[in-house]
Structures are given as C-alpha cells and as structure tokens.
Amino acid sequence: MRLFFGIMLALCILLFVAIQWGGMLAGAGKVSQANGEMYPEKIILLDTPLPASHVASPALSHVAAVSAVVPAPAVSAVPATTAVSAASPASPAAHAMAAGETTVPKAKPGSKTGDPAKPAVPVSPAVLSKPVTPVCMDWGEFAGTDLQRADKLLIDLKLGDRLSHHTVEYDTGYWVYVDPLKSKAALNRKIAELKKLGISEFYVLRDARKWHNAISFGIFKSIESARQWQAELRKKGLHTHVGERKSKLKYTIFSMKGISEQEQGRLTKLQKEFPNSELKKTACH
C-alpha cells in the first residue's frame, strides 16, 4: 500500500507540474523561436532590385508583385548615394519581378545577373571634331606700284607675324610704258590726264638716262602678261608701249601661315584686283 500510495503521489506531482508550468515552457520555446537571431545579409528592401537567387524563390514572388503595386512612401530628404542608385537602370530580374513573373531572364555569358548597366560616358566635343590642318599660302609676284598696293592690303588683314615675304630675281622682263616726256610741264599734263582716266598705278622714272620722265605702268615676267595689261589700259583710253627690260628685275612674293577659311576668302577677292598675280597654297614649314 505504501508503495502504491507513493507512486500515485509522484504521478499527481508530475501532473500538477505539467499543468502549472508546461504551457510556459512550451511558450518560451515559441518565443525564443519567434525572437530568434536576425541575419542582416538576408534582409531585402522592396524598393531595390532583388538578386536572381531571391527572385526565383516562389515564396518571394508574391512580395515582388505587391511591391510593384504599392507606391513607396514619400521621403523629404534622400541621401546622394540613394539618389544615384535609384536613377540607375534596373536589372532584368527586377523587371521580371515587377511584372509578377516567377522566372528570371537568362543573363548573357560573361555578365553578372542583377548588376546595373553602367551609364554611358559622355564624349567631349573636342574628340569628335576633326583636327584643323593649317593652311599656308604664297601670293605674288609684285613689283613697283603693285607691290606697294598689295603690301597695304595685306597690312589691313592684320596677319601679324604670320606674314613674311621674299624676293626673286629675273635677268629680263617686260614693261608697259609711255615714252619720256620732254619737259616737266608735259609730264604734269600727262599725270593729270592719267588721273582723269582713273589710272593711279604708274611710276615716273627720275634718272638722267634714256628713260628720264618716262612713265611705267608695271613690269612683267612674260610678254603675254605685259600685253594683257596694255589691253586693259587701252580700254580706259590710254595708249602705251610694251618693251623688254634687260636689267635685273626683282619681284616680291608674300608668304602667309595659318590662314583660316575666312582669310582665304578675303585673299581670293584681293587677288582679283591683281590679274597678273598668283595666289596658291603651299606646304607649311
């Protein structure tokens, strides 16, 4: 009897303990399970693209669909880093998640799934523009009044140190002239006549030799050029002669560097005022 009574007493104590603290013991396990350790690396924000491994999970597909419908709360101040990440293009996995798809587009070989595309680097306009090739030109040959007039016109272009000149010599040449005037009065009358005809490009020889008081209208390398200018003077009403000059003749050639397109156009117009001159492009040195 004592043994039976002891067994029954022990069973009653166990039953009482089970009823009194059994629920608390079981609840403590659930609480500890509910409040288990959190893993930061497994926390996923709904407003950022999900990696392919999470999107492929059926358990998260419905979360992606909900996040695509529910608008994100307005934020008064956004850090610079957040603004940059939000502006970057979404990955193919994020697009599939927003559309409610459970499958993820396959990434191309060699690319990382989920990596945002790199923004295009702007190209400087200086790289796209073609390099400007410097242009050098020669203009000549000039002598006498033509040289003085051409020199004045080039000064007006303000080329500075880009303008230079050099001299070439010829043993013979041809000139357009009127015979020497016998007196100073006759010379003055002839000069007045030239001005009345609109002719201002001439030179009076002032030596005591055969050609004293003769009037020259230009010296030319070839007889064809001299006769061409003689014809122009005849159109204005002036009769002249063409002759050979056996003395050494010096001519000036102007050289110009770094000429722009606008300056080339101006030089082309100036060259038309000197029909016997030549304007050409040369190699830059």
# chains A, B, ... in the order shown; residues from 1 in each chain; ligands from 1
$ select_by_dssp --residues "stretch 158-213 of chain A" --states "helix (DSSP H, G or I)" --output "ChimeraX atom specification"
/A:160-162,184-196
$ closest_residue --among "A:Ala150, A:Leu233, A:Leu163, A:Ile155" --to "A:Val178" --atoms "only C-alpha atoms"
A:Leu233
$ atom_distance --atom1 "atom CA of A:Ser222" --atom2 "atom CA of A:Asn276"
10.1 Å
$ residues_around --residues "A:Phe254" --least-positions-apart "5" --cutoff "7 Å" --atoms "only C-alpha atoms" --output "number ranges by chain"
A: 138-140, 164-166
$ write_last_selection --atoms "N, CA and C atoms" --output "PDB file, in the first residue's frame"
ATOM      1  N   ASP A 138      51.099  81.410-100.712  1.00  0.00           N
ATOM      2  CA  ASP A 138      52.009  82.377-101.325  1.00  0.00           C
ATOM      3  C   ASP A 138      51.219  83.234-102.299  1.00  0.00           C
ATOM      4  N   TRP A 139      51.569  84.520-102.323  1.00  0.00           N
ATOM      5  CA  TRP A 139      50.896  85.434-103.249  1.00  0.00           C
ATOM      6  C   TRP A 139      51.953  86.327-103.888  1.00  0.00           C
ATOM      7  N   GLY A 140      52.017  86.313-105.215  1.00  0.00           N
ATOM      8  CA  GLY A 140      52.992  87.132-105.916  1.00  0.00           C
ATOM      9  C   GLY A 140      52.849  86.958-107.423  1.00  0.00           C
ATOM     10  N   SER A 164      55.113  87.110 -94.105  1.00  0.00           N
ATOM     11  CA  SER A 164      56.517  87.375 -94.428  1.00  0.00           C
ATOM     12  C   SER A 164      56.619  87.519 -95.956  1.00  0.00           C
ATOM     13  N   HIS A 165      57.799  87.839 -96.435  1.00  0.00           N
ATOM     14  CA  HIS A 165      57.974  87.972 -97.883  1.00  0.00           C
ATOM     15  C   HIS A 165      59.413  87.621 -98.255  1.00  0.00           C
ATOM     16  N   HIS A 166      59.596  87.269 -99.495  1.00  0.00           N
ATOM     17  CA  HIS A 166      60.937  87.010-100.015  1.00  0.00           C
ATOM     18  C   HIS A 166      61.011  87.527-101.455  1.00  0.00           C
TER      19      HIS A 166
END
$ atom_distance --atom1 "atom CA of A:Gln230" --atom2 "atom CA of A:Tyr177"
8.8 Å
$ residues_around --residues "stretch 217-219 of chain A" --least-positions-apart "4" --cutoff "6 Å" --atoms "only C-alpha atoms" --output "ChimeraX atom specification"
/A:174-177,202
$ write_last_selection --atoms "N, CA and C atoms" --output "compact mmCIF listing (two decimals), in the first residue's frame"
# COMPACT_ATOMS: atom_id res chain seq x y z
N TYR A 174 59.46 92.41 -119.04
CA TYR A 174 58.74 93.27 -119.98
C TYR A 174 57.95 94.31 -119.20
N TRP A 175 57.90 95.51 -119.76
CA TRP A 175 57.21 96.57 -119.07
C TRP A 175 56.26 97.29 -120.02
N VAL A 176 55.24 97.94 -119.42
CA VAL A 176 54.27 98.75 -120.16
C VAL A 176 54.56 100.20 -119.81
N TYR A 177 54.71 101.07 -120.85
CA TYR A 177 55.19 102.43 -120.57
C TYR A 177 54.69 103.41 -121.63
N PHE A 202 51.02 103.96 -111.56
CA PHE A 202 52.10 104.27 -112.51
C PHE A 202 53.31 104.75 -111.73
$ closest_residue --among "A:Lys221, A:Lys246, A:His239, A:Arg227" --to "A:Glu141" --atoms "only C-alpha atoms"
A:Lys221
$ closest_residue --among "A:Asp156, A:Glu224, A:Glu201, A:Asp207" --to "A:Ala143" --atoms "only C-alpha atoms"
A:Glu201
$ closest_residue --among "A:Gly243, A:Gly265, A:Gly144, A:Pro275" --to "A:Tyr203" --atoms "only C-alpha atoms"
A:Gly144
$ residues_around --residues "stretch 185-192 of chain A" --least-positions-apart "2" --cutoff "12 Å" --atoms "only C-alpha atoms" --output "JSON, numbers by chain"
{"A": [178, 179, 180, 181, 182, 183, 194, 195, 196, 197, 198, 199, 200, 201, 202, 203, 204, 205, 206, 212, 213, 214, 215, 216, 238, 239]}
